[in-house]
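Have a look at upload-v7.cif below; it lists mmCIF, C-alpha atoms.
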```
data_start
loop_
_atom_site.label_atom_id
_atom_site.label_comp_id
_atom_site.auth_asym_id
_atom_site.auth_seq_id
_atom_site.Cartn_x
_atom_site.Cartn_y
_atom_site.Cartn_z
CA MET C 25 -220.16 89.06 -28.02
CA ILE C 26 -217.99 87.53 -25.37
CA ASP C 27 -219.39 85.18 -22.79
CA THR C 28 -217.66 86.19 -19.62
CA ASP C 29 -218.92 83.09 -17.80
CA ALA C 30 -217.19 80.97 -20.38
CA LEU C 31 -214.04 82.96 -19.90
CA HIS C 32 -214.09 82.39 -16.19
CA SER C 33 -214.78 78.70 -16.52
CA ASP C 34 -211.94 78.31 -18.99
CA GLY C 35 -209.15 78.19 -16.54
CA VAL C 36 -209.25 81.82 -15.51
CA ALA C 37 -209.43 82.36 -11.80
CA ASP C 38 -212.76 83.77 -10.69
CA ASP C 39 -211.11 86.04 -8.21
CA GLY C 40 -207.69 87.09 -7.14
CA LYS C 41 -207.73 85.43 -3.75
CA ASP C 42 -205.13 82.95 -4.84
CA ARG C 43 -202.71 85.76 -5.57
CA LYS C 44 -200.82 87.14 -2.63
CA ASP C 45 -198.43 90.03 -2.70
CA ARG C 46 -195.25 90.14 -0.66
CA ASN C 47 -197.23 91.27 2.36
CA GLY C 48 -199.71 88.44 2.06
CA ARG C 49 -202.58 90.59 0.76
CA ASP C 50 -204.91 89.11 -1.79
CA PHE C 51 -205.63 90.94 -5.00
CA THR C 52 -209.41 90.98 -4.63
CA ALA C 53 -209.34 92.91 -1.38
CA PHE C 54 -206.80 95.30 -2.83
CA TYR C 55 -208.92 95.86 -5.94
CA HIS C 56 -212.12 96.62 -4.06
CA ALA C 57 -210.35 98.89 -1.61
CA GLN C 58 -208.53 100.90 -4.27
CA PHE C 59 -210.93 101.02 -7.19
CA PRO C 60 -213.33 103.81 -6.09
CA ALA C 61 -210.63 106.30 -5.07
CA GLN C 62 -208.47 105.58 -8.10
CA LEU C 63 -211.45 105.99 -10.41
CA ARG C 64 -212.44 109.33 -8.89
CA ARG C 65 -208.96 110.74 -9.17
CA ALA C 66 -208.57 109.39 -12.68
CA ALA C 67 -211.86 110.99 -13.69
CA VAL C 68 -210.55 114.48 -12.97
CA LEU C 69 -207.13 113.71 -14.40
CA ALA C 70 -208.38 112.20 -17.64
CA ARG C 71 -211.40 114.56 -17.80
CA SER C 72 -213.56 111.68 -18.95
CA ALA C 73 -215.24 109.05 -16.84
CA ASP C 74 -214.95 106.49 -19.62
CA GLU C 75 -211.27 107.19 -20.15
CA ALA C 76 -210.78 107.05 -16.40
CA ALA C 77 -212.49 103.67 -16.14
CA ASP C 78 -210.29 102.32 -18.92
CA ALA C 79 -207.15 103.77 -17.36
CA VAL C 80 -207.92 102.34 -13.93
CA GLN C 81 -208.83 98.89 -15.22
CA GLN C 82 -205.70 98.74 -17.33
CA ALA C 83 -203.61 99.84 -14.39
CA PHE C 84 -205.13 97.05 -12.31
CA VAL C 85 -204.24 94.60 -15.08
CA ASP C 86 -200.64 95.82 -14.84
CA VAL C 87 -200.69 95.38 -11.07
CA TYR C 88 -202.27 91.93 -11.27
CA ARG C 89 -199.56 90.68 -13.59
CA ARG C 90 -196.87 91.80 -11.16
CA TRP C 91 -198.83 91.20 -7.98
CA SER C 92 -196.55 88.64 -6.42
CA ASP C 93 -193.47 90.74 -7.14
CA LEU C 94 -194.64 94.17 -5.99
CA ALA C 95 -193.40 95.44 -2.67
CA ASP C 96 -195.72 98.47 -2.68
CA PRO C 97 -198.76 97.81 -4.89
CA ASP C 98 -200.55 101.00 -3.79
CA ARG C 99 -197.74 103.19 -5.02
CA TYR C 100 -197.36 101.20 -8.22
CA LEU C 101 -201.08 101.39 -8.93
CA SER C 102 -201.28 105.14 -8.35
CA ARG C 103 -198.39 105.80 -10.69
CA ALA C 104 -199.83 103.44 -13.27
CA VAL C 105 -203.19 105.23 -13.17
CA VAL C 106 -201.56 108.65 -13.56
CA ASN C 107 -199.45 107.41 -16.43
CA ARG C 108 -202.48 105.92 -18.15
CA CYS C 109 -204.35 109.18 -17.73
CA ARG C 110 -201.38 111.15 -19.04
CA ASP C 111 -201.75 109.73 -22.48
CA GLY C 112 -205.47 109.49 -22.34
CA GLY C 113 -205.22 105.78 -22.77
CA ARG C 114 -203.06 106.09 -25.88
CA ARG C 115 -200.12 104.57 -24.14
CA ALA C 116 -202.13 101.51 -23.39
CA SER C 117 -201.21 98.87 -25.81
CA ALA C 118 -203.81 98.06 -28.39
CA ARG C 119 -203.79 94.52 -27.08
CA ASP C 120 -204.78 95.47 -23.57
CA ARG C 121 -207.42 97.89 -24.73
CA LEU C 122 -208.92 95.34 -27.04
CA ARG C 123 -208.87 92.74 -24.32
CA LEU C 124 -210.75 94.99 -21.99
CA ARG C 125 -213.29 95.83 -24.66
CA LEU C 126 -213.79 92.19 -25.53
CA VAL C 127 -214.37 91.11 -21.99
CA ARG C 128 -216.43 94.15 -21.04
CA GLU C 129 -219.85 92.57 -21.07
CA PRO C 130 -221.67 94.40 -19.74
CA SER C 131 -219.59 97.56 -19.75
CA VAL C 132 -218.63 99.29 -16.55
CA PRO C 133 -221.48 101.68 -15.92
CA VAL C 134 -220.11 105.17 -15.48
CA SER C 135 -222.11 108.25 -14.63
CA GLU C 136 -221.12 111.84 -14.11
CA VAL C 137 -222.88 114.66 -12.33
CA PRO C 138 -223.64 117.84 -14.28
CA LEU C 139 -220.71 120.20 -14.10
CA ALA C 140 -221.24 123.26 -11.95
CA ASP C 141 -218.28 125.41 -12.97
CA GLU C 142 -217.98 124.88 -16.71
CA GLU C 143 -215.77 127.93 -17.16
CA LEU C 144 -213.13 126.77 -14.72
CA TRP C 145 -213.36 123.17 -15.94
CA ALA C 146 -212.74 124.31 -19.52
CA ALA C 147 -209.82 126.50 -18.45
CA LEU C 148 -208.34 123.61 -16.48
CA GLY C 149 -208.63 121.40 -19.52
CA GLY C 150 -206.55 123.87 -21.50
CA LEU C 151 -203.51 123.40 -19.28
CA PRO C 152 -200.64 121.09 -20.18
CA PHE C 153 -200.97 117.71 -18.49
CA ASN C 154 -198.26 118.21 -15.89
CA GLN C 155 -199.68 121.56 -14.76
CA ARG C 156 -203.22 120.21 -14.67
CA ALA C 157 -202.20 117.01 -12.90
CA ALA C 158 -200.19 118.90 -10.30
CA ILE C 159 -203.18 121.14 -9.56
CA VAL C 160 -205.61 118.23 -9.44
CA LEU C 161 -203.38 116.20 -7.13
CA ARG C 162 -202.92 119.18 -4.86
CA TYR C 163 -206.50 120.47 -4.72
CA TYR C 164 -208.36 117.16 -4.91
CA GLY C 165 -205.95 114.63 -3.56
CA GLY C 166 -204.34 116.97 -1.03
CA HIS C 167 -200.93 115.58 -1.92
CA SER C 168 -197.66 117.24 -0.97
CA GLU C 169 -195.22 118.38 -3.62
CA ALA C 170 -193.02 115.37 -2.90
CA GLU C 171 -195.95 113.00 -3.38
CA ILE C 172 -197.00 114.77 -6.57
CA ALA C 173 -193.46 114.55 -7.87
CA GLU C 174 -193.42 110.81 -7.25
CA LEU C 175 -196.76 110.29 -8.95
CA LEU C 176 -195.75 112.36 -11.96
CA ASP C 177 -192.26 110.85 -12.01
CA CYS C 178 -190.48 114.19 -11.89
CA SER C 179 -188.29 116.18 -9.51
CA THR C 180 -189.87 117.83 -6.51
CA GLY C 181 -188.60 121.19 -7.67
CA SER C 182 -190.70 120.97 -10.82
CA VAL C 183 -194.03 120.67 -9.03
CA GLY C 184 -194.15 124.16 -7.48
CA PRO C 185 -193.54 126.00 -10.74
CA TRP C 186 -196.07 123.82 -12.52
CA ILE C 187 -198.74 124.69 -9.98
CA SER C 188 -197.84 128.40 -10.02
CA ARG C 189 -197.86 128.62 -13.79
CA GLY C 190 -201.07 126.64 -14.01
CA LEU C 191 -202.86 128.85 -11.50
CA ALA C 192 -201.61 132.00 -13.22
CA ARG C 193 -202.92 130.76 -16.52
CA LEU C 194 -206.27 129.86 -14.96
CA ARG C 195 -206.54 133.38 -13.53
CA ARG C 196 -205.83 134.89 -16.91
CA GLU C 197 -208.41 132.69 -18.56
CA LEU C 198 -211.04 133.53 -15.97
CA GLU C 199 -210.38 137.27 -16.20
CA ARG C 200 -211.11 137.37 -19.91
CA MET B 2 -187.58 156.96 -10.96
CA THR B 3 -190.72 157.22 -8.89
CA THR B 4 -193.46 154.66 -8.29
CA ASP B 5 -196.88 155.02 -6.86
CA ASP B 6 -196.92 152.66 -3.87
CA SER B 7 -200.21 153.88 -2.49
CA ASN B 8 -202.22 151.20 -4.33
CA ARG B 9 -199.94 148.22 -3.68
CA PRO B 10 -201.54 147.01 -0.41
CA ALA B 11 -204.96 147.13 -2.00
CA ASP B 12 -203.71 145.26 -5.07
CA HIS B 13 -202.08 142.70 -2.87
CA LEU B 14 -205.32 142.16 -0.97
CA ASP B 15 -207.20 141.85 -4.23
CA ARG B 16 -204.70 139.32 -5.48
CA ASP B 17 -204.97 137.29 -2.28
CA GLN B 18 -208.73 137.40 -2.55
CA VAL B 19 -208.60 136.19 -6.13
CA ASP B 20 -206.24 133.41 -5.18
CA ARG B 21 -208.47 132.30 -2.31
CA GLU B 22 -211.52 132.32 -4.52
CA LEU B 23 -209.70 130.34 -7.18
CA ASP B 24 -208.53 127.87 -4.57
CA GLU B 25 -212.07 127.37 -3.32
CA ARG B 26 -213.48 127.05 -6.81
CA LEU B 27 -210.85 124.50 -7.79
CA HIS B 28 -211.37 122.43 -4.67
CA ARG B 29 -215.14 122.47 -5.06
CA LEU B 30 -215.06 121.77 -8.78
CA LEU B 31 -212.65 118.85 -8.55
CA THR B 32 -214.41 117.33 -5.56
CA GLU B 33 -217.84 117.53 -7.16
CA ARG B 34 -216.53 116.21 -10.42
CA ALA B 35 -214.66 113.30 -8.85
CA GLU B 36 -217.29 112.32 -6.33
CA GLY B 37 -219.95 112.41 -8.98
CA VAL B 38 -218.39 109.58 -10.92
CA ARG B 39 -220.03 106.27 -10.23
CA ALA B 40 -218.73 103.02 -11.54
CA THR B 41 -219.26 99.42 -10.62
CA ALA B 42 -216.06 97.66 -9.85
CA ASP B 43 -215.70 94.56 -11.99
CA ILE B 44 -212.66 92.56 -11.09
CA GLY B 45 -213.67 89.87 -13.56
CA GLN B 46 -212.68 92.16 -16.41
CA VAL B 47 -209.24 92.68 -14.95
CA LEU B 48 -208.63 89.00 -14.32
CA ALA B 49 -209.89 87.94 -17.71
CA ALA B 50 -207.88 90.64 -19.47
CA ALA B 51 -204.73 89.73 -17.57
CA ASP B 52 -204.96 85.99 -18.03
CA ARG B 53 -206.50 85.45 -21.41
CA PRO B 54 -204.38 86.19 -24.45
CA LEU B 55 -206.08 87.47 -27.55
CA PRO B 56 -206.34 85.40 -30.71
CA SER B 57 -204.29 88.06 -32.42
CA ALA B 58 -201.59 87.50 -29.86
CA HIS B 59 -201.64 83.82 -30.68
CA ARG B 60 -201.35 84.61 -34.35
CA SER B 61 -198.47 86.96 -33.86
CA ARG B 62 -196.73 84.40 -31.69
CA LEU B 63 -197.23 81.70 -34.30
CA PHE B 64 -195.96 84.04 -36.98
CA TYR B 65 -192.88 84.76 -34.89
CA VAL B 66 -192.17 81.10 -34.25
CA GLY B 67 -192.72 80.30 -37.92
CA SER B 68 -190.34 83.04 -39.00
CA VAL B 69 -187.65 81.83 -36.66
CA ALA B 70 -188.07 78.25 -37.85
CA ALA B 71 -187.88 79.34 -41.48
CA ALA B 72 -184.74 81.35 -40.79
CA VAL B 73 -183.13 78.37 -39.08
CA LEU B 74 -183.98 76.13 -42.02
CA VAL B 75 -182.49 78.60 -44.48
CA ILE B 76 -179.31 78.80 -42.43
CA LEU B 77 -179.06 75.02 -42.21
CA ALA B 78 -179.62 74.71 -45.94
CA GLY B 79 -176.89 77.27 -46.56
CA ILE B 80 -174.50 75.40 -44.33
CA GLY B 81 -175.29 72.21 -46.22
CA VAL B 82 -174.62 73.79 -49.60
CA VAL B 83 -171.37 75.27 -48.42
CA GLY B 84 -170.34 71.91 -47.03
CA LEU B 85 -171.02 70.19 -50.33
CA ILE B 86 -169.03 72.79 -52.22
CA GLY B 87 -166.16 72.57 -49.79
CA GLU B 88 -165.75 68.83 -50.12
CA GLU B 89 -162.65 67.58 -51.92
CA PRO B 90 -163.41 66.69 -55.52
CA THR B 91 -163.44 63.08 -56.43
CA VAL B 92 -160.32 62.12 -58.33
CA LEU B 93 -161.05 60.11 -61.40
CA GLU B 94 -158.29 57.72 -62.05
CA GLN B 95 -156.97 57.35 -65.50
CA PRO B 96 -157.56 53.99 -67.05
CA ALA B 97 -154.44 52.01 -66.58
CA ASP B 98 -154.20 50.91 -70.21
CA GLN B 99 -154.34 54.37 -71.77
CA PRO B 100 -151.39 56.70 -72.05
CA VAL B 101 -151.69 60.01 -70.21
CA GLU B 102 -151.67 62.95 -72.49
CA PRO B 103 -149.70 65.93 -71.39
CA SER B 104 -151.80 68.87 -70.31
CA THR B 105 -151.02 72.49 -70.85
CA THR B 106 -152.00 75.32 -68.58
CA THR B 107 -151.68 78.88 -69.73
CA VAL B 108 -151.91 81.83 -67.35
CA LEU B 109 -152.43 85.23 -68.83
CA THR B 110 -152.01 88.39 -66.85
CA THR B 111 -152.67 91.85 -68.19
CA VAL B 112 -151.42 94.94 -66.43
CA SER B 113 -152.37 98.40 -67.63
CA SER B 114 -151.11 101.81 -66.65
CA THR B 115 -152.45 105.26 -67.45
CA THR B 116 -149.32 106.57 -69.08
CA GLU B 117 -148.29 104.01 -71.54
CA PRO B 118 -150.23 101.12 -72.79
CA SER B 119 -148.46 98.04 -71.77
CA THR B 120 -149.21 94.45 -71.93
CA THR B 121 -147.68 91.72 -69.98
CA VAL B 122 -148.26 88.23 -71.00
CA SER B 123 -146.90 85.38 -69.09
CA SER B 124 -147.26 81.89 -70.14
CA THR B 125 -146.50 78.84 -68.21
CA THR B 126 -146.54 75.46 -69.68
CA THR B 127 -146.45 72.40 -67.62
CA GLU B 128 -146.09 69.01 -69.02
CA GLN B 129 -147.39 66.25 -66.91
CA GLN B 130 -145.09 63.33 -66.54
CA PRO B 131 -146.56 60.02 -67.49
CA ALA B 132 -147.64 57.65 -64.84
CA ASP B 133 -146.08 54.31 -64.48
CA CYS B 134 -146.59 52.41 -67.63
CA PRO B 135 -148.69 49.31 -67.59
CA PRO B 136 -147.12 46.04 -68.39
CA GLY B 137 -146.29 45.67 -72.02
CA GLN B 138 -145.67 49.40 -72.66
CA LEU B 139 -142.49 51.33 -72.68
CA PRO B 140 -141.98 54.65 -71.00
CA VAL B 141 -141.11 57.40 -73.42
CA GLU B 142 -140.50 61.13 -73.01
CA ASP B 143 -144.13 62.13 -73.13
CA GLY B 144 -146.00 59.06 -72.00
CA CYS B 145 -146.11 55.36 -72.60
CA ARG B 146 -146.37 53.52 -75.78
CA PRO B 147 -146.42 49.93 -76.91
CA PRO B 148 -143.21 48.77 -78.43
CA SER B 149 -144.41 49.29 -82.02
CA THR B 150 -146.94 52.15 -82.03
CA THR B 151 -146.90 55.76 -83.16
CA THR B 152 -146.05 58.46 -80.69
CA THR B 153 -148.72 61.05 -80.06
CA THR B 154 -147.43 64.51 -79.54
CA ALA B 155 -149.47 66.90 -77.63
CA GLY B 156 -149.79 70.42 -78.91
CA VAL B 157 -149.22 73.51 -76.89
CA SER B 158 -151.50 76.40 -77.44
CA THR B 159 -150.70 79.90 -76.50
CA SER B 160 -153.08 82.76 -76.26
CA VAL B 161 -152.11 86.37 -76.07
CA VAL B 162 -154.42 89.10 -74.79
CA THR B 163 -153.49 92.66 -75.36
CA SER B 164 -155.16 95.49 -73.49
CA VAL B 165 -154.65 99.13 -74.35
CA VAL B 166 -155.68 101.99 -72.09
CA THR B 167 -155.29 105.50 -73.33
CA SER B 168 -155.67 108.61 -71.24
CA SER B 169 -155.84 112.15 -72.40
CA THR B 170 -155.96 115.49 -70.63
CA THR B 171 -157.40 118.64 -72.11
CA THR B 172 -156.68 121.99 -70.52
CA THR B 173 -158.67 125.02 -71.58
CA THR B 174 -157.63 128.47 -70.53
CA THR B 175 -160.00 131.33 -71.00
CA THR B 176 -158.85 134.85 -70.68
CA GLY B 177 -161.50 137.48 -70.22
CA GLY B 178 -161.09 140.95 -71.63
#
```

How does the structure come out when it is put into structure tokens?
Amino acid sequence: MIDTDALHSDGVADDGKDRKDRNGRDFTAFYHAQFPAQLRRAAVLARSADEAADAVQQAFVDVYRRWSDLADPDRYLSRAVVNRCRDGGRRASARDRLRLRLVREPSVPVSEVPLADEELWAALGGLPFNQRAAIVLRYYGGHSEAEIAELLDCSTGSVGPWISRGLARLRRELER
Amino acid sequence: MTTDDSNRPADHLDRDQVDRELDERLHRLLTERAEGVRATADIGQVLAAADRPLPSAHRSRLFYVGSVAAAVLVILAGIGVVGLIGEEPTVLEQPADQPVEPSTTTVLTTVSSTTEPSTTVSSTTTEQQPADCPPGQLPVEDGCRPPSTTTTTAGVSTSVVTSVVTSSTTTTTTTGG
């Protein structure tokens, strides 16, 4: 059992207001502005609300450590969240994951609504990550192919084929 | 080659319809799924995780530092040993009142070949000249001696080492019939 109050009183800053990025923004405002949207997108990318919460928190840890050096924290955070979701949290170092578990007291409460379209959700889950992520970012996030390519760290020309192949596979799965 | 194009417009419309339906289903599914997730933002977790190292991290760091220190000590010890070995040996002076006996050094070298056994033995004998004789002694051919003492003659030993290497080759020819 970890006493989070003790952690905070042990030299750890209670908030991120003392951390400014290159544009003078404080970390706390950035966190509260970005967290809900990043969590929602991560939830459909990682297909698990718990995994999404872990991925987003770990991505924020990455951002916090580099906060004063980042020129575009929004972009860095989005890419970090997608990368964390790509590996389902496996890429996260054991140290970071353990840290988050140790300090999670109480845990981040996560709830999910009952799924309406189980068939399509299951078919979507059967796609390779890049195809699934490209479809999610296009249909949920409304991102352009160039934006998707940046988030997935790939060439723009790869995104279109990924979406086409993913949709074709979904159609085949739904027609069975 | 003939194709039936009469159904193509209808198929195309069906395909468009399927695509539109899939688009709508995907958009609705992902939106409902994403918007249904509720989580309480807890920045304290992020700050604590970012700033507070784990005990295991401390241990690994200590282990690393300890390993480096041990490696440095081993290297320094090695340098010290090498330095001791490399120092010039201390020369023990002969007592001034004792005659210096001649010393003999023999060097043996053996060279072998595969064709004929051969042995080469070389021997070198060096006789050390006596040092200056102390007062009261006379220099002689192989040292110093008092005017009325017996001369000590040093012996010369010679060793011979013989090495023989024999090689043989066997050739077998088999003729099938």

Can you list, as a ChimeraX atom specification, the residues that the PyMOL selection byres ((chain B) within 8 of (chain C)) selects here? /B:23-24,26-28,30-55,58

Restricted to C-alpha atoms, what would the selected residues look like written as a PDB file, in the coordinates of the input?
```pdb
ATOM      1  CA  LEU B  23    -209.700 130.340  -7.180  1.00  0.00           C
ATOM      2  CA  ASP B  24    -208.530 127.870  -4.570  1.00  0.00           C
ATOM      3  CA  ARG B  26    -213.480 127.050  -6.810  1.00  0.00           C
ATOM      4  CA  LEU B  27    -210.850 124.500  -7.790  1.00  0.00           C
ATOM      5  CA  HIS B  28    -211.370 122.430  -4.670  1.00  0.00           C
ATOM      6  CA  LEU B  30    -215.060 121.770  -8.780  1.00  0.00           C
ATOM      7  CA  LEU B  31    -212.650 118.850  -8.550  1.00  0.00           C
ATOM      8  CA  THR B  32    -214.410 117.330  -5.560  1.00  0.00           C
ATOM      9  CA  GLU B  33    -217.840 117.530  -7.160  1.00  0.00           C
ATOM     10  CA  ARG B  34    -216.530 116.210 -10.420  1.00  0.00           C
ATOM     11  CA  ALA B  35    -214.660 113.300  -8.850  1.00  0.00           C
ATOM     12  CA  GLU B  36    -217.290 112.320  -6.330  1.00  0.00           C
ATOM     13  CA  GLY B  37    -219.950 112.410  -8.980  1.00  0.00           C
ATOM     14  CA  VAL B  38    -218.390 109.580 -10.920  1.00  0.00           C
ATOM     15  CA  ARG B  39    -220.030 106.270 -10.230  1.00  0.00           C
ATOM     16  CA  ALA B  40    -218.730 103.020 -11.540  1.00  0.00           C
ATOM     17  CA  THR B  41    -219.260  99.420 -10.620  1.00  0.00           C
ATOM     18  CA  ALA B  42    -216.060  97.660  -9.850  1.00  0.00           C
ATOM     19  CA  ASP B  43    -215.700  94.560 -11.990  1.00  0.00           C
ATOM     20  CA  ILE B  44    -212.660  92.560 -11.090  1.00  0.00           C
ATOM     21  CA  GLY B  45    -213.670  89.870 -13.560  1.00  0.00           C
ATOM     22  CA  GLN B  46    -212.680  92.160 -16.410  1.00  0.00           C
ATOM     23  CA  VAL B  47    -209.240  92.680 -14.950  1.00  0.00           C
ATOM     24  CA  LEU B  48    -208.630  89.000 -14.320  1.00  0.00           C
ATOM     25  CA  ALA B  49    -209.890  87.940 -17.710  1.00  0.00           C
ATOM     26  CA  ALA B  50    -207.880  90.640 -19.470  1.00  0.00           C
ATOM     27  CA  ALA B  51    -204.730  89.730 -17.570  1.00  0.00           C
ATOM     28  CA  ASP B  52    -204.960  85.990 -18.030  1.00  0.00           C
ATOM     29  CA  ARG B  53    -206.500  85.450 -21.410  1.00  0.00           C
ATOM     30  CA  PRO B  54    -204.380  86.190 -24.450  1.00  0.00           C
ATOM     31  CA  LEU B  55    -206.080  87.470 -27.550  1.00  0.00           C
ATOM     32  CA  ALA B  58    -201.590  87.500 -29.860  1.00  0.00           C
TER      33      ALA B  58
END
```

All file atoms of range 75-87 of chain B boxed axis-aligned, 3 Å per side, centre plus edges, as AutoDock Vina command-line options:
```
--center_x -174.3 --center_y 74.5 --center_z -47.2 --size_x 22.3 --size_y 14.6 --size_z 16.0
```

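Interatomic distance, CA of Val106 in chain C against CA of Ala70 in chain C: 8.7 Å.
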
Pairwise distance, CA of Phe153 in chain C with CA of Asn107 in chain C, equals 10.6 Å

Just want the 12 Å neighbourhood of Asp177 in chain C, counted on only C-alpha atoms, with same-chain residues fewer than 2 positions away dropped. Output as an mmCIF file with C-alpha atoms, in the coordinates of the input.
```cif
data_model
loop_
_atom_site.group_PDB
_atom_site.id
_atom_site.type_symbol
_atom_site.label_atom_id
_atom_site.label_comp_id
_atom_site.auth_asym_id
_atom_site.auth_seq_id
_atom_site.Cartn_x
_atom_site.Cartn_y
_atom_site.Cartn_z
ATOM 1 C CA ARG C 99 -197.740 103.190 -5.020
ATOM 2 C CA TYR C 100 -197.360 101.200 -8.220
ATOM 3 C CA SER C 102 -201.280 105.140 -8.350
ATOM 4 C CA ARG C 103 -198.390 105.800 -10.690
ATOM 5 C CA ALA C 104 -199.830 103.440 -13.270
ATOM 6 C CA VAL C 106 -201.560 108.650 -13.560
ATOM 7 C CA ASN C 107 -199.450 107.410 -16.430
ATOM 8 C CA ARG C 110 -201.380 111.150 -19.040
ATOM 9 C CA ASN C 154 -198.260 118.210 -15.890
ATOM 10 C CA ALA C 157 -202.200 117.010 -12.900
ATOM 11 C CA ALA C 158 -200.190 118.900 -10.300
ATOM 12 C CA GLU C 169 -195.220 118.380 -3.620
ATOM 13 C CA ALA C 170 -193.020 115.370 -2.900
ATOM 14 C CA GLU C 171 -195.950 113.000 -3.380
ATOM 15 C CA ILE C 172 -197.000 114.770 -6.570
ATOM 16 C CA ALA C 173 -193.460 114.550 -7.870
ATOM 17 C CA GLU C 174 -193.420 110.810 -7.250
ATOM 18 C CA LEU C 175 -196.760 110.290 -8.950
ATOM 19 C CA SER C 179 -188.290 116.180 -9.510
ATOM 20 C CA THR C 180 -189.870 117.830 -6.510
ATOM 21 C CA GLY C 181 -188.600 121.190 -7.670
ATOM 22 C CA SER C 182 -190.700 120.970 -10.820
ATOM 23 C CA VAL C 183 -194.030 120.670 -9.030
#
```

Between CA of Arg16 in chain B and CA of Pro185 in chain C, what distance in Å does the model show, to one decimal? 18.2 Å

Can you rebuild range 144-155 of chain C with N, CA, C and O atoms and give it as an mmCIF file, in the frame of the given file?
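Saved file selection.cif follows:
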```cif
data_model
loop_
_atom_site.group_PDB
_atom_site.id
_atom_site.type_symbol
_atom_site.label_atom_id
_atom_site.label_comp_id
_atom_site.auth_asym_id
_atom_site.auth_seq_id
_atom_site.Cartn_x
_atom_site.Cartn_y
_atom_site.Cartn_z
ATOM 1 N N LEU C 144 -214.396 127.191 -15.335
ATOM 2 C CA LEU C 144 -213.130 126.770 -14.720
ATOM 3 C C LEU C 144 -212.710 125.390 -15.243
ATOM 4 O O LEU C 144 -211.522 125.149 -15.462
ATOM 5 N N TRP C 145 -213.677 124.512 -15.425
ATOM 6 C CA TRP C 145 -213.360 123.170 -15.940
ATOM 7 C C TRP C 145 -212.727 123.258 -17.325
ATOM 8 O O TRP C 145 -211.764 122.566 -17.636
ATOM 9 N N ALA C 146 -213.285 124.140 -18.166
ATOM 10 C CA ALA C 146 -212.740 124.310 -19.520
ATOM 11 C C ALA C 146 -211.340 124.905 -19.452
ATOM 12 O O ALA C 146 -210.436 124.483 -20.183
ATOM 13 N N ALA C 147 -211.153 125.886 -18.573
ATOM 14 C CA ALA C 147 -209.820 126.500 -18.450
ATOM 15 C C ALA C 147 -208.808 125.483 -17.939
ATOM 16 O O ALA C 147 -207.662 125.426 -18.405
ATOM 17 N N LEU C 148 -209.236 124.642 -17.008
ATOM 18 C CA LEU C 148 -208.340 123.610 -16.480
ATOM 19 C C LEU C 148 -207.952 122.616 -17.579
ATOM 20 O O LEU C 148 -206.810 122.147 -17.643
ATOM 21 N N GLY C 149 -208.906 122.340 -18.434
ATOM 22 C CA GLY C 149 -208.630 121.400 -19.520
ATOM 23 C C GLY C 149 -207.647 121.958 -20.538
ATOM 24 O O GLY C 149 -207.040 121.186 -21.294
ATOM 25 N N GLY C 150 -207.483 123.270 -20.560
ATOM 26 C CA GLY C 150 -206.550 123.870 -21.500
ATOM 27 C C GLY C 150 -205.108 123.851 -21.033
ATOM 28 O O GLY C 150 -204.195 124.223 -21.785
ATOM 29 N N LEU C 151 -204.886 123.422 -19.800
ATOM 30 C CA LEU C 151 -203.510 123.400 -19.280
ATOM 31 C C LEU C 151 -202.760 122.172 -19.783
ATOM 32 O O LEU C 151 -203.358 121.132 -20.060
ATOM 33 N N PRO C 152 -201.440 122.289 -19.899
ATOM 34 C CA PRO C 152 -200.640 121.090 -20.180
ATOM 35 C C PRO C 152 -200.846 120.054 -19.073
ATOM 36 O O PRO C 152 -201.163 120.413 -17.934
ATOM 37 N N PHE C 153 -200.627 118.772 -19.437
ATOM 38 C CA PHE C 153 -200.970 117.710 -18.490
ATOM 39 C C PHE C 153 -200.267 117.862 -17.153
ATOM 40 O O PHE C 153 -200.887 117.705 -16.098
ATOM 41 N N ASN C 154 -198.984 118.154 -17.164
ATOM 42 C CA ASN C 154 -198.260 118.210 -15.890
ATOM 43 C C ASN C 154 -198.796 119.316 -14.989
ATOM 44 O O ASN C 154 -198.917 119.135 -13.779
ATOM 45 N N GLN C 155 -199.110 120.475 -15.561
ATOM 46 C CA GLN C 155 -199.680 121.560 -14.760
ATOM 47 C C GLN C 155 -201.052 121.164 -14.221
ATOM 48 O O GLN C 155 -201.380 121.368 -13.046
#
```
